[in-house]
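Visitor: Can you read through this structure? Questions will come right after.
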Amino acid sequence: MASAFDRYSKQILFSRIGVSGQEKLSSSFVVVAGCGALGSVVSSILARAGVGKIRIIDRDFVEENNLQRQMLFDETDIKEMLPKVVAAKKHLEKVNSLIEIEARVADINFSNAEELLGGAGVIVDGLDNFETRLLINDFALKNNIPYVYGGAVGSSGMTMNIIPHRSPCFRCLLGGIPGPQPPITCDTVGVLASAPVTIGALEALEAIKILIGGMEINDKLIYIDLWNGIFHSFKVSPDPDCPACNGKYDFLEGREGIKTTILCGSDSVMVSGGKAWGSFEEIAERLSHLGNVNYNEFMLRFFAEGIEMTLFLDGRAIMKNTRDESFAKKLYAKYFGV
């Protein structure tokens, strides 16, 4: 144990943690959902802090454009065509050989949530889409597991702790299921590395507080805009009519969310379950610098990544030139999501 004490000595000296807090961390199990910019920061901090077991879940591979902001990866991971979680495990095991790092290449959904998320002391958000966050929110509330939400885009970001049955949940924060808005994601408006690094650091800190039973757990939504030097916190009010807080887990039980269908006789996937659109003007303007886009009063057609995407006013989209349902769903969230 001497080596462990030496490794974490500066952390143990911090009075809010001490020896007892470090022992709690060493016996803890954390799930990091997503291993992009947020998840790589969270995973790195928690591994260095000595969390005993960290399960990292992500469905993607390391790509060149990730290196600008995703701190766990390097060019070798791209050459080796590694999934993000496999690369993360490889790097983190070099950082801390005293803990267990588990890599799961998976897309979290209602059919595998129990297997992937069950038993965690806290679930930390490294995701890039609302649907999976809403599903995790359902799972956390149902199973009484704290969930640390975080998101970042452009130079801004936000984070909030969701403590089941004690705080407002993620669905309360949204005020319901997201409505149709021009897509605001890293893929449509960009992101500066400092934003997810800052939010990821705050998420990891809150996870540590929760794991050791700290009394100073943040009970507000923290919002930052680093470019403009803004750092605010807001009290979020619980929604008395929130389905999730009232035990109705629509996303976990598969009643809500994006669904896909391979269209017979063509290399196309239909994605459905999104919110209806009033018009396409704003989304066309937002997407115009990302690919070829045209629209009329009935549909919007967008070309990117070798895929022809046709979006309809009722929220459906047809992704042509693919039969990969997971890829089609990813494209929908990337370009037509909130």
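For the structure tokens, the naming scheme is as follows: chains receive sequential letters (A, B, ...) according to their order of presentation, residues are indexed from 1 within each chain, and ligands are indexed from 1 in presentation order.
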If we count only C-alpha atoms and set the cut-off at 12 Å, which residues sit around range 38-40 of chain A, ignoring sequence neighbours fewer than 4 positions away in its own chain? Please answer as a PyMOL selection string.
Guide: chain A and resi 30-34+44-47+54-58+62+66-67+69-73+84-89+91-92+123-128+148-153+157-159+191-204
Visitor: If you run DSSP on the backbone, which residues of range 235-302 of chain A are alpha helix (DSSP H), as a VMD selection string?
Guide: chain A and resid 281 to 287
Visitor: Restricting it to N, CA and C atoms, dump the selection as a tab-separated table (two decimals), in the first residue's frame.
Guide:
```
chain	number	residue	atom	x	y	z
A	281	GLU	N	-35.83	26.61	-43.19
A	281	GLU	CA	-34.97	27.74	-43.52
A	281	GLU	C	-33.76	27.83	-42.60
A	282	GLU	N	-33.98	27.77	-41.30
A	282	GLU	CA	-32.86	27.94	-40.36
A	282	GLU	C	-31.86	26.79	-40.44
A	283	ILE	N	-32.37	25.56	-40.51
A	283	ILE	CA	-31.46	24.42	-40.56
A	283	ILE	C	-30.68	24.42	-41.87
A	284	ALA	N	-31.30	24.85	-42.97
A	284	ALA	CA	-30.59	24.92	-44.24
A	284	ALA	C	-29.45	25.92	-44.17
A	285	GLU	N	-29.70	27.04	-43.52
A	285	GLU	CA	-28.65	28.05	-43.37
A	285	GLU	C	-27.50	27.51	-42.53
A	286	ARG	N	-27.82	26.80	-41.45
A	286	ARG	CA	-26.79	26.25	-40.57
A	286	ARG	C	-25.95	25.18	-41.25
A	287	LEU	N	-26.58	24.39	-42.12
A	287	LEU	CA	-25.88	23.28	-42.76
A	287	LEU	C	-25.16	23.68	-44.06
```
Visitor: Just the number, please: distance in Å from CA of Gly21 in chain A to CA of Met215 in chain A, one decimal.
Guide: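 Answer for the CA of Gly21 in chain A to CA of Met215 in chain A separation: 12.3 Å.
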Visitor: Counting only C-alpha atoms, figure out which residue out of A:Arg7, A:Arg255, A:Lys329, A:Arg48 gets nearest to Val269 in chain A.
Guide: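 Using only C-alpha atoms, Val269 in chain A sits closest to A:Lys329.
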Visitor: Would you pick out the contacts of Ala113 in chain A at 9 Å or less, using only C-alpha atoms, so that residues sharing its chain but fewer than 5 positions from it are not included, and give the list as a PyMOL selection string?
Guide: chain A and resi 108+118+135-136+139+252
Visitor: Extract, using only C-alpha atoms, all DNA, RNA and protein residues at most 12 Å from Ile12 in chain A, discarding same-chain residues fewer than 3 positions from it, and format them as a PyMOL selection string.
Guide: chain A and resi 4-9+15-25+49-50
Visitor: Those same residues, written as a PDB file, in the first residue's frame with C-alpha atoms?
Guide:
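Ended up saving to part.pdb:
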```pdb
ATOM      1  CA  ALA A   4      -0.513   3.646  -3.555  1.00  0.00           C
ATOM      2  CA  PHE A   5      -0.112   6.138  -0.703  1.00  0.00           C
ATOM      3  CA  ASP A   6       2.872   7.737  -2.457  1.00  0.00           C
ATOM      4  CA  ARG A   7       1.030   7.917  -5.763  1.00  0.00           C
ATOM      5  CA  TYR A   8      -1.944   9.776  -4.275  1.00  0.00           C
ATOM      6  CA  SER A   9      -0.099  11.608  -1.498  1.00  0.00           C
ATOM      7  CA  SER A  15      -8.290  17.764   3.751  1.00  0.00           C
ATOM      8  CA  ARG A  16     -11.636  17.108   2.041  1.00  0.00           C
ATOM      9  CA  ILE A  17     -10.303  13.776   0.751  1.00  0.00           C
ATOM     10  CA  GLY A  18      -7.708  12.445   3.186  1.00  0.00           C
ATOM     11  CA  VAL A  19      -6.976   8.750   3.663  1.00  0.00           C
ATOM     12  CA  SER A  20     -10.613   7.742   4.116  1.00  0.00           C
ATOM     13  CA  GLY A  21     -11.676   9.522   0.929  1.00  0.00           C
ATOM     14  CA  GLN A  22      -8.858   7.897  -1.022  1.00  0.00           C
ATOM     15  CA  GLU A  23      -9.916   4.475   0.237  1.00  0.00           C
ATOM     16  CA  LYS A  24     -13.451   5.160  -0.970  1.00  0.00           C
ATOM     17  CA  LEU A  25     -12.158   6.156  -4.396  1.00  0.00           C
ATOM     18  CA  ALA A  49      -7.203  10.104  -8.881  1.00  0.00           C
ATOM     19  CA  GLY A  50      -7.221   6.367  -8.206  1.00  0.00           C
TER      20      GLY A  50
END
```
